[in-house]
$ cat structure-v1.cif   # mmCIF, C-alpha atoms
data_target
loop_
_atom_site.label_atom_id
_atom_site.label_comp_id
_atom_site.auth_asym_id
_atom_site.auth_seq_id
_atom_site.Cartn_x
_atom_site.Cartn_y
_atom_site.Cartn_z
CA MET A 808 0.95 9.02 22.19
CA ARG A 809 1.92 9.52 18.58
CA THR A 810 2.56 6.55 16.36
CA MET A 811 6.05 6.26 15.04
CA SER A 812 6.19 6.60 11.30
CA PHE A 813 8.34 3.86 9.88
CA THR A 814 9.93 6.31 7.51
CA GLU A 815 11.08 8.89 10.02
CA PRO A 816 14.73 9.84 10.11
CA LYS A 817 17.52 9.72 12.62
CA GLU A 818 15.85 10.81 15.84
CA SER A 819 13.17 8.12 15.70
CA LYS A 820 15.74 5.58 14.64
CA GLU A 821 17.79 6.31 17.75
CA ILE A 822 14.74 6.02 20.02
CA GLU A 823 13.85 2.77 18.31
CA GLU A 824 17.37 1.35 18.68
CA SER A 825 17.53 2.21 22.35
CA LEU A 826 14.11 0.63 22.98
CA VAL A 827 15.24 -2.51 21.21
CA ARG A 828 18.38 -2.67 23.38
CA GLU A 829 16.26 -2.24 26.53
CA LEU A 830 13.87 -4.91 25.38
CA GLN A 831 16.73 -7.28 24.69
CA ALA A 832 17.88 -6.63 28.24
CA GLY A 833 14.45 -7.78 29.44
CA ASN A 834 12.90 -4.42 30.29
CA ALA A 835 9.11 -4.87 30.28
CA ASP A 836 8.48 -1.12 30.05
CA ALA A 837 10.30 -1.11 26.73
CA PHE A 838 7.86 -3.77 25.54
CA GLU A 839 4.96 -1.49 26.33
CA LYS A 840 6.58 1.45 24.57
CA ILE A 841 7.34 -0.57 21.49
CA ALA A 842 3.77 -1.86 21.47
CA GLU A 843 2.47 1.70 21.66
CA LEU A 844 4.71 2.81 18.83
CA TYR A 845 3.88 0.01 16.44
CA GLN A 846 0.46 -1.43 17.19
CA LYS A 847 -1.50 0.94 14.96
CA LYS A 848 0.81 0.33 12.01
CA ILE A 849 0.64 -3.43 12.52
CA TYR A 850 -3.13 -3.31 12.80
CA ALA A 851 -3.60 -1.10 9.72
CA LEU A 852 -1.44 -3.25 7.48
CA SER A 853 -3.05 -6.44 8.68
CA PHE A 854 -6.53 -4.97 8.36
CA ASN A 855 -5.87 -3.79 4.80
CA LEU A 856 -4.79 -7.32 3.91
CA THR A 857 -7.50 -9.29 5.74
CA ARG A 858 -10.29 -6.69 5.80
CA ASN A 859 -11.42 -8.24 9.06
CA THR A 860 -11.29 -6.53 12.45
CA MET A 861 -10.97 -9.73 14.50
CA ASP A 862 -8.22 -11.14 12.31
CA ALA A 863 -6.31 -7.86 12.43
CA GLN A 864 -6.64 -7.76 16.21
CA ASP A 865 -5.38 -11.36 16.54
CA VAL A 866 -2.49 -10.59 14.24
CA THR A 867 -1.57 -7.46 16.22
CA GLN A 868 -1.49 -9.44 19.47
CA ASP A 869 0.52 -12.27 17.90
CA VAL A 870 3.01 -9.84 16.43
CA LEU A 871 3.50 -7.96 19.69
CA LEU A 872 4.11 -11.19 21.56
CA THR A 873 6.49 -12.42 18.88
CA LEU A 874 8.41 -9.14 19.07
CA PHE A 875 8.90 -9.69 22.74
CA ARG A 876 9.62 -13.40 22.67
CA LYS A 877 11.94 -13.31 19.71
CA ILE A 878 13.66 -10.01 20.32
CA ASN A 879 16.94 -11.81 20.94
CA THR A 880 16.83 -13.30 17.46
CA PHE A 881 16.77 -9.77 16.01
CA GLN A 882 20.35 -9.17 14.95
CA GLY A 883 20.06 -5.66 13.60
CA LYS A 884 21.05 -6.64 10.07
CA SER A 885 18.00 -4.83 8.74
CA ALA A 886 16.03 -2.00 10.32
CA PHE A 887 13.90 -3.03 13.32
CA SER A 888 10.81 -1.71 11.52
CA SER A 889 11.54 -4.01 8.55
CA TRP A 890 11.65 -6.91 10.99
CA VAL A 891 8.30 -5.82 12.47
CA TYR A 892 6.77 -5.63 8.98
CA ARG A 893 8.05 -9.09 8.07
CA ILE A 894 6.59 -10.61 11.25
CA THR A 895 3.31 -8.78 10.58
CA LEU A 896 3.14 -10.12 7.02
CA ASN A 897 3.94 -13.68 8.12
CA ALA A 898 1.28 -13.59 10.83
CA THR A 899 -1.25 -12.12 8.40
CA TYR A 900 -0.51 -14.73 5.75
CA MET A 901 -1.00 -17.46 8.33
CA LYS A 902 -4.48 -16.05 8.90
CA LEU A 903 -5.15 -15.76 5.22
CA ARG A 904 -3.78 -19.15 4.25
CA SER A 905 -7.14 -20.83 4.13
CA ARG A 906 -8.69 -18.23 1.91
CA LYS A 907 -5.64 -17.29 -0.09
CA LYS A 908 -6.01 -17.34 -3.82
CA GLU A 909 -3.27 -16.70 -6.30
CA LEU A 910 -4.40 -14.72 -9.27
CA THR A 911 -2.24 -13.51 -12.05
CA VAL A 912 -3.20 -10.79 -14.43
CA SER A 913 -1.31 -10.06 -17.60
CA ILE A 914 -0.15 -6.52 -18.06
CA GLU A 915 -1.75 -6.39 -21.52
CA GLU A 916 -5.18 -6.71 -19.95
CA LEU A 917 -4.47 -3.64 -17.86
CA LEU A 918 -3.26 -1.38 -20.65
CA PRO A 919 -5.42 0.19 -23.38
CA SER A 920 -5.55 -1.62 -26.72
CA PHE A 921 -3.06 -0.39 -29.31
CA ASN A 922 -3.17 -0.57 -33.10
CA GLY A 923 -0.28 -1.99 -35.18
CA GLY A 924 1.61 1.31 -34.91
CA GLY A 925 1.35 1.30 -31.11
CA PHE A 926 -1.26 4.05 -30.88
CA GLN A 927 -4.33 3.88 -28.68
CA GLN A 928 -7.53 2.74 -30.30
CA GLU A 929 -10.10 3.40 -27.66
CA LYS A 930 -11.25 6.65 -26.23
CA ILE A 931 -10.05 6.99 -22.64
CA GLN A 932 -12.14 8.97 -20.25
CA ASP A 933 -10.27 11.24 -17.88
CA TRP A 934 -12.23 10.75 -14.66
CA SER A 935 -9.44 12.13 -12.47
CA GLU A 936 -11.28 15.45 -12.14
CA ASN A 937 -14.37 13.75 -10.71
CA THR A 938 -12.71 11.99 -7.82
CA GLU A 939 -12.67 14.93 -5.41
CA SER A 940 -16.42 15.14 -4.94
CA LEU A 941 -16.75 11.36 -4.80
CA MET A 942 -13.84 10.64 -2.52
CA PHE A 943 -15.68 10.60 0.73
CA THR A 944 -18.86 8.81 -0.19
CA ASN A 945 -19.31 5.37 1.29
CA GLU A 946 -19.92 3.88 -2.10
CA THR A 947 -16.58 5.13 -3.41
CA ARG A 948 -14.74 3.84 -0.36
CA GLU A 949 -16.31 0.43 -0.80
CA ILE A 950 -15.40 0.33 -4.47
CA ILE A 951 -11.80 1.24 -3.67
CA GLN A 952 -11.54 -1.31 -0.87
CA LYS A 953 -13.04 -3.99 -3.07
CA ALA A 954 -10.61 -3.17 -5.88
CA VAL A 955 -7.65 -3.46 -3.49
CA ASP A 956 -9.03 -6.74 -2.12
CA GLN A 957 -9.06 -8.14 -5.64
CA LEU A 958 -5.38 -7.43 -6.20
CA PRO A 959 -3.23 -10.56 -6.39
CA GLU A 960 -1.37 -10.97 -3.07
CA LYS A 961 2.11 -10.29 -4.45
CA GLU A 962 1.06 -6.98 -5.91
CA LYS A 963 -1.20 -6.06 -3.01
CA VAL A 964 1.48 -6.20 -0.34
CA VAL A 965 3.87 -4.07 -2.41
CA PHE A 966 1.12 -1.54 -3.05
CA LEU A 967 0.18 -1.34 0.65
CA LEU A 968 3.76 -0.91 1.85
CA ARG A 969 4.90 1.49 -0.86
CA ASP A 970 1.87 3.58 -1.78
CA VAL A 971 -0.26 3.40 1.37
CA GLU A 972 2.40 3.24 4.09
CA GLY A 973 4.71 5.46 2.06
CA LEU A 974 7.86 3.36 2.51
CA SER A 975 10.71 3.74 0.05
CA THR A 976 11.12 1.25 -2.78
CA GLU A 977 14.39 0.08 -1.22
CA LYS A 978 12.79 -0.55 2.16
CA VAL A 979 9.94 -2.53 0.60
CA GLY A 980 12.58 -4.62 -1.18
CA GLU A 981 14.33 -5.24 2.13
CA ILE A 982 11.10 -6.33 3.85
CA LEU A 983 9.96 -8.62 1.07
CA ASP A 984 13.40 -9.76 -0.01
CA LEU A 985 12.87 -8.43 -3.52
CA THR A 986 15.12 -6.46 -5.85
CA VAL A 987 14.25 -2.82 -6.48
CA PRO A 988 13.22 -3.53 -10.13
CA ALA A 989 10.93 -6.33 -8.87
CA VAL A 990 9.29 -3.95 -6.37
CA LYS A 991 8.78 -1.35 -9.10
CA SER A 992 7.31 -3.84 -11.52
CA ARG A 993 4.84 -5.22 -8.96
CA LEU A 994 3.86 -1.73 -7.87
CA HIS A 995 3.25 -0.66 -11.46
CA ARG A 996 1.06 -3.72 -12.10
CA ALA A 997 -0.87 -3.03 -8.90
CA ARG A 998 -1.53 0.56 -9.92
CA LEU A 999 -2.58 -0.49 -13.42
CA PHE A 1000 -4.89 -3.12 -11.98
CA LEU A 1001 -6.51 -0.64 -9.60
CA ARG A 1002 -6.79 2.00 -12.32
CA LYS A 1003 -8.66 -0.46 -14.51
CA LYS A 1004 -11.04 -1.46 -11.71
CA LEU A 1005 -11.71 2.13 -10.67
CA SER A 1006 -12.16 3.25 -14.27
CA ASN A 1007 -15.20 1.01 -14.60
CA PHE A 1008 -16.77 2.71 -11.62
CA PHE A 1009 -15.85 6.33 -12.37
CA GLU A 1010 -16.67 6.08 -16.08
CA GLU A 1011 -20.09 4.71 -15.24
CA TYR A 1012 -20.54 7.52 -12.75
CA SER A 1013 -19.57 10.17 -15.33
CA ARG A 1014 -22.06 8.71 -17.81
CA GLU A 1015 -24.83 8.83 -15.22
CA GLU A 1016 -23.95 12.42 -14.36
CA LYS A 1017 -24.13 13.46 -18.02
CA LYS A 1018 -27.60 11.97 -18.36
CA LYS A 1019 -28.88 14.13 -15.54
CA MET B 1363 7.51 10.29 -32.81
CA MET B 1364 6.98 8.16 -29.75
CA CYS B 1365 3.84 5.98 -29.93
CA CYS B 1366 1.27 5.51 -27.12
CA LYS B 1367 2.54 2.07 -26.22
CA GLU B 1368 6.11 3.31 -25.75
CA CYS B 1369 4.78 6.24 -23.76
CA LEU B 1370 2.80 4.03 -21.37
CA ASP B 1371 5.65 1.53 -21.07
CA LEU B 1372 7.75 4.36 -19.68
CA LEU B 1373 5.02 5.65 -17.43
CA TYR B 1374 6.41 4.41 -14.11
CA ASP B 1375 9.88 5.85 -14.66
CA TYR B 1376 8.39 9.03 -16.07
CA LEU B 1377 6.40 9.68 -12.90
CA GLU B 1378 9.39 8.80 -10.73
CA GLY B 1379 11.52 11.28 -12.70
CA ASN B 1380 13.94 8.53 -13.74
CA LEU B 1381 13.98 9.04 -17.51
CA ASP B 1382 16.92 10.29 -19.56
CA PRO B 1383 16.31 13.94 -20.46
CA GLN B 1384 16.03 13.11 -24.16
CA ILE B 1385 13.46 10.36 -23.66
CA HIS B 1386 11.65 12.53 -21.16
CA SER B 1387 11.29 15.32 -23.68
CA SER B 1388 10.02 13.03 -26.45
CA LEU B 1389 7.46 11.67 -24.01
CA THR B 1390 6.37 15.19 -23.06
CA GLU B 1391 6.11 16.00 -26.75
CA HIS B 1392 3.87 12.97 -27.30
CA LEU B 1393 1.64 14.03 -24.41
CA GLN B 1394 1.09 17.49 -25.88
CA ASP B 1395 -0.64 15.84 -28.83
CA CYS B 1396 -2.29 12.84 -27.23
CA PRO B 1397 -5.33 13.36 -24.98
CA PRO B 1398 -5.86 9.58 -24.47
CA CYS B 1399 -2.37 9.18 -22.97
CA VAL B 1400 -2.88 12.28 -20.82
CA ALA B 1401 -6.16 10.79 -19.60
CA PHE B 1402 -4.45 7.49 -18.87
CA ILE B 1403 -1.67 9.15 -16.88
CA ASN B 1404 -4.06 11.41 -14.96
CA THR B 1405 -6.24 8.49 -13.96
CA TYR B 1406 -3.18 6.38 -13.04
CA LYS B 1407 -1.96 9.15 -10.73
CA SER B 1408 -5.43 9.70 -9.34
CA THR B 1409 -5.80 5.98 -8.60
CA THR B 1410 -2.72 5.97 -6.39
CA ARG B 1411 -3.86 9.06 -4.55
CA ILE B 1412 -7.44 8.04 -3.83
CA CYS B 1413 -6.48 4.52 -2.80
CA ARG B 1414 -3.90 5.90 -0.40
CA GLU B 1415 -6.36 8.39 1.07
CA THR B 1416 -9.00 5.70 1.56
CA LEU B 1417 -6.76 3.02 3.05
CA LYS B 1418 -4.73 5.37 5.22
CA ASN B 1419 -7.84 5.65 7.33
CA ALA B 1420 -7.68 2.05 8.51
CA GLU B 1421 -7.83 3.12 12.11
CA MET B 1422 -8.01 0.79 15.02
CA PRO B 1423 -11.57 0.66 16.39
CA GLU B 1424 -12.00 1.75 20.02
CA VAL B 1425 -13.00 -1.76 21.09
CA VAL B 1426 -9.79 -3.20 19.64
CA GLN B 1427 -7.75 -0.52 21.38
CA ILE B 1428 -9.31 -1.47 24.71
CA LYS B 1429 -8.73 -5.20 24.12
CA LEU B 1430 -5.13 -4.55 23.17
CA ARG B 1431 -4.53 -2.47 26.28
CA GLU B 1432 -5.83 -5.34 28.42
CA PHE B 1433 -3.74 -7.78 26.46
CA LEU B 1434 -0.60 -5.68 26.94
CA LYS B 1435 -1.21 -5.39 30.65
CA SER B 1436 -1.47 -9.15 31.06
CA ALA B 1437 1.42 -9.81 28.68
CA LYS B 1438 3.58 -7.37 30.63
CA ARG B 1439 2.91 -9.24 33.86
CA THR B 1440 4.09 -12.50 32.35
CA VAL B 1441 7.18 -11.11 30.58
#

$ encode --input "structure-v1.cif" --output "structure tokens"
Amino acid sequence: MRTMSFTEPKESKEIEESLVRELQAGNADAFEKIAELYQKKIYALSFNLTRNTMDAQDVTQDVLLTLFRKINTFQGKSAFSSWVYRITLNATYMKLRSRKKELTVSIEELLPSFNGGGFQQEKIQDWSENTESLMFTNETREIIQKAVDQLPEKEKVVFLLRDVEGLSTEKVGEILDLTVPAVKSRLHRARLFLRKKLSNFFEEYSREEKKK
Amino acid sequence: MMCCKECLDLLYDYLEGNLDPQIHSSLTEHLQDCPPCVAFINTYKSTTRICRETLKNAEMPEVVQIKLREFLKSAKRTV
């Protein structure tokens, strides 16, 4: 069965709404269908935050049970999928609580250095052309995953929902209870942070390639 | 002429297509003459793309799928 994309239009929304109504009426088949539609999304988000298969599995089970047990507390004020995401994030943060660390990074550290006139002082290497050939190597994947793991939590969750899941800025704001400008600012910081981390790797790689 | 700092401060809105036409064109003008800013923007865009492509593949392992199916079966019996 295909996984429902959280961003799909009308048709999916109607299916989703009717499943929710059935579930609220106590239909166990609707529970199974909802689980089938959402479990992969729940797992992927949780896995990208915890980077641990067992934790992501526990979270997925917890979330599915919560969906069922608390379905009557869902009032339809926000989209059902936003509610699912919020429950997923809460369950994931419970798992992460013990190892959660709050880092803050200033935006200046992520931008190039400028002279007094606001012009760039350092030479920036454009490694964007090199990424194609490197994309699918295990080393590159590990570097990317490690860079994402190092993102401060506030930026990481926005990045995962907006850039990885492909949700709209407005929807991410709804899920996280943030204003649109706040979502944009966190997303921008996340991208700058990741760019900086990946630059170290790709620049080193380009230097090595030139030596050959 | 727009400086690099101003250019990079506007980067997010530039890529989202949210800039006023006038500001947009002075930024484009700056980019024509500034390889470091072009490199910065290219690598910023590339970062988003490669991270998405890597993390999108967070698929559920077979063993987890099996466990979840069992879990759902037993949960369904109790609900």

$ closest_atom_pairs --input "structure-v1.cif" --of "segment 816-879 of chain A" --to "segment 1411-1424 of chain B" --cutoff "8 Å" --atoms "all atoms listed in the file" --output "JSON lines"
{"residue": "A:Lys847", "atom": "CA", "partner": "B:Met1422", "partner_atom": "CA", "distance": 6.5}
{"residue": "A:Tyr850", "atom": "CA", "partner": "B:Met1422", "partner_atom": "CA", "distance": 6.7}
{"residue": "A:Ala851", "atom": "CA", "partner": "B:Ala1420", "partner_atom": "CA", "distance": 5.3}
{"residue": "A:Phe854", "atom": "CA", "partner": "B:Ala1420", "partner_atom": "CA", "distance": 7.1}
{"residue": "A:Asn855", "atom": "CA", "partner": "B:Leu1417", "partner_atom": "CA", "distance": 7.1}

$ write_last_selection --input "structure-v1.cif" --atoms "C-alpha atoms" --output "compact mmCIF listing (two decimals), in the frame of the given file"
# COMPACT_ATOMS: atom_id res chain seq x y z
CA LYS A 847 -1.50 0.94 14.96
CA TYR A 850 -3.13 -3.31 12.80
CA ALA A 851 -3.60 -1.10 9.72
CA PHE A 854 -6.53 -4.97 8.36
CA ASN A 855 -5.87 -3.79 4.80

$ closest_atom_pairs --input "structure-v1.cif" --of "chain B" --to "segment 999-1011 of chain A" --cutoff "8 Å" --atoms "all atoms listed in the file" --output "tab-separated table"
residue	atom	partner	partner_atom	distance
B:Thr1405	CA	A:Arg1002	CA	6.7
B:Tyr1406	CA	A:Arg1002	CA	5.7
B:Thr1409	CA	A:Arg1002	CA	5.5

$ closest_residue --input "structure-v1.cif" --among "B:Cys1399, B:Ser1408, B:Asn1380, B:Phe1433" --to "Glu1368 of chain B" --atoms "only C-alpha atoms"
B:Cys1399

$ atom_distance --input "structure-v1.cif" --atom1 "atom CA of Leu1370 of chain B" --atom2 "atom CA of Leu1389 of chain B"
9.3 Å

$ residues_near_point --input "structure-v1.cif" --point "(10.9, 2.6, 3.4)" --cutoff "10 Å" --atoms "all atoms listed in the file" --output "PyMOL selection string"
chain A and resi 813-815+886+888-889+968-969+972-982

$ write_last_selection --input "structure-v1.cif" --atoms "C-alpha atoms" --output "PDB file, in the coordinates of the input"
ATOM      1  CA  PHE A 813       8.340   3.860   9.880  1.00  0.00           C
ATOM      2  CA  THR A 814       9.930   6.310   7.510  1.00  0.00           C
ATOM      3  CA  GLU A 815      11.080   8.890  10.020  1.00  0.00           C
ATOM      4  CA  ALA A 886      16.030  -2.000  10.320  1.00  0.00           C
ATOM      5  CA  SER A 888      10.810  -1.710  11.520  1.00  0.00           C
ATOM      6  CA  SER A 889      11.540  -4.010   8.550  1.00  0.00           C
ATOM      7  CA  LEU A 968       3.760  -0.910   1.850  1.00  0.00           C
ATOM      8  CA  ARG A 969       4.900   1.490  -0.860  1.00  0.00           C
ATOM      9  CA  GLU A 972       2.400   3.240   4.090  1.00  0.00           C
ATOM     10  CA  GLY A 973       4.710   5.460   2.060  1.00  0.00           C
ATOM     11  CA  LEU A 974       7.860   3.360   2.510  1.00  0.00           C
ATOM     12  CA  SER A 975      10.710   3.740   0.050  1.00  0.00           C
ATOM     13  CA  THR A 976      11.120   1.250  -2.780  1.00  0.00           C
ATOM     14  CA  GLU A 977      14.390   0.080  -1.220  1.00  0.00           C
ATOM     15  CA  LYS A 978      12.790  -0.550   2.160  1.00  0.00           C
ATOM     16  CA  VAL A 979       9.940  -2.530   0.600  1.00  0.00           C
ATOM     17  CA  GLY A 980      12.580  -4.620  -1.180  1.00  0.00           C
ATOM     18  CA  GLU A 981      14.330  -5.240   2.130  1.00  0.00           C
ATOM     19  CA  ILE A 982      11.100  -6.330   3.850  1.00  0.00           C
TER      20      ILE A 982
END

$ resolve_selection --input "structure-v1.cif" --expression "the PyMOL selection byres ((chain A) within 6 of (chain B))" --output "VMD selection string"
chain A and resid 851 925 to 926 931 933 935 971 1002

$ write_last_selection --input "structure-v1.cif" --atoms "C-alpha atoms" --output "CSV table (one decimal), in the coordinates of the input"
chain,number,residue,atom,x,y,z
A,851,ALA,CA,-3.6,-1.1,9.7
A,925,GLY,CA,1.4,1.3,-31.1
A,926,PHE,CA,-1.3,4.0,-30.9
A,931,ILE,CA,-10.0,7.0,-22.6
A,933,ASP,CA,-10.3,11.2,-17.9
A,935,SER,CA,-9.4,12.1,-12.5
A,971,VAL,CA,-0.3,3.4,1.4
A,1002,ARG,CA,-6.8,2.0,-12.3

$ closest_residue --input "structure-v1.cif" --among "A:Gln864, A:Asn834, A:Asn859, A:Asn879" --to "Ile1428 of chain B" --atoms "all atoms listed in the file"
A:Gln864

$ closest_residue --input "structure-v1.cif" --among "A:Leu896, A:Leu852, A:Leu917, A:Val827" --to "Lys877 of chain A" --atoms "only C-alpha atoms"
A:Val827

$ residues_around --input "structure-v1.cif" --residues "segment 956-967 of chain A" --least-positions-apart "4" --cutoff "6 Å" --atoms "only C-alpha atoms" --output "list in words"
Leu910, Val971, Arg993, Leu994 and Ala997 of chain A

$ atom_distance --input "structure-v1.cif" --atom1 "atom CA of Glu915 of chain A" --atom2 "atom CA of Arg996 of chain A"
10.2 Å

$ axis_aligned_box --input "structure-v1.cif" --around "segment 930-948 of chain A" --padding-each-side "5 Å" --output "lines of an AutoDock Vina configuration file"
center_x = -14.7
center_y = 9.6
center_z = -12.5
size_x = 20.5
size_y = 21.6
size_z = 37.5
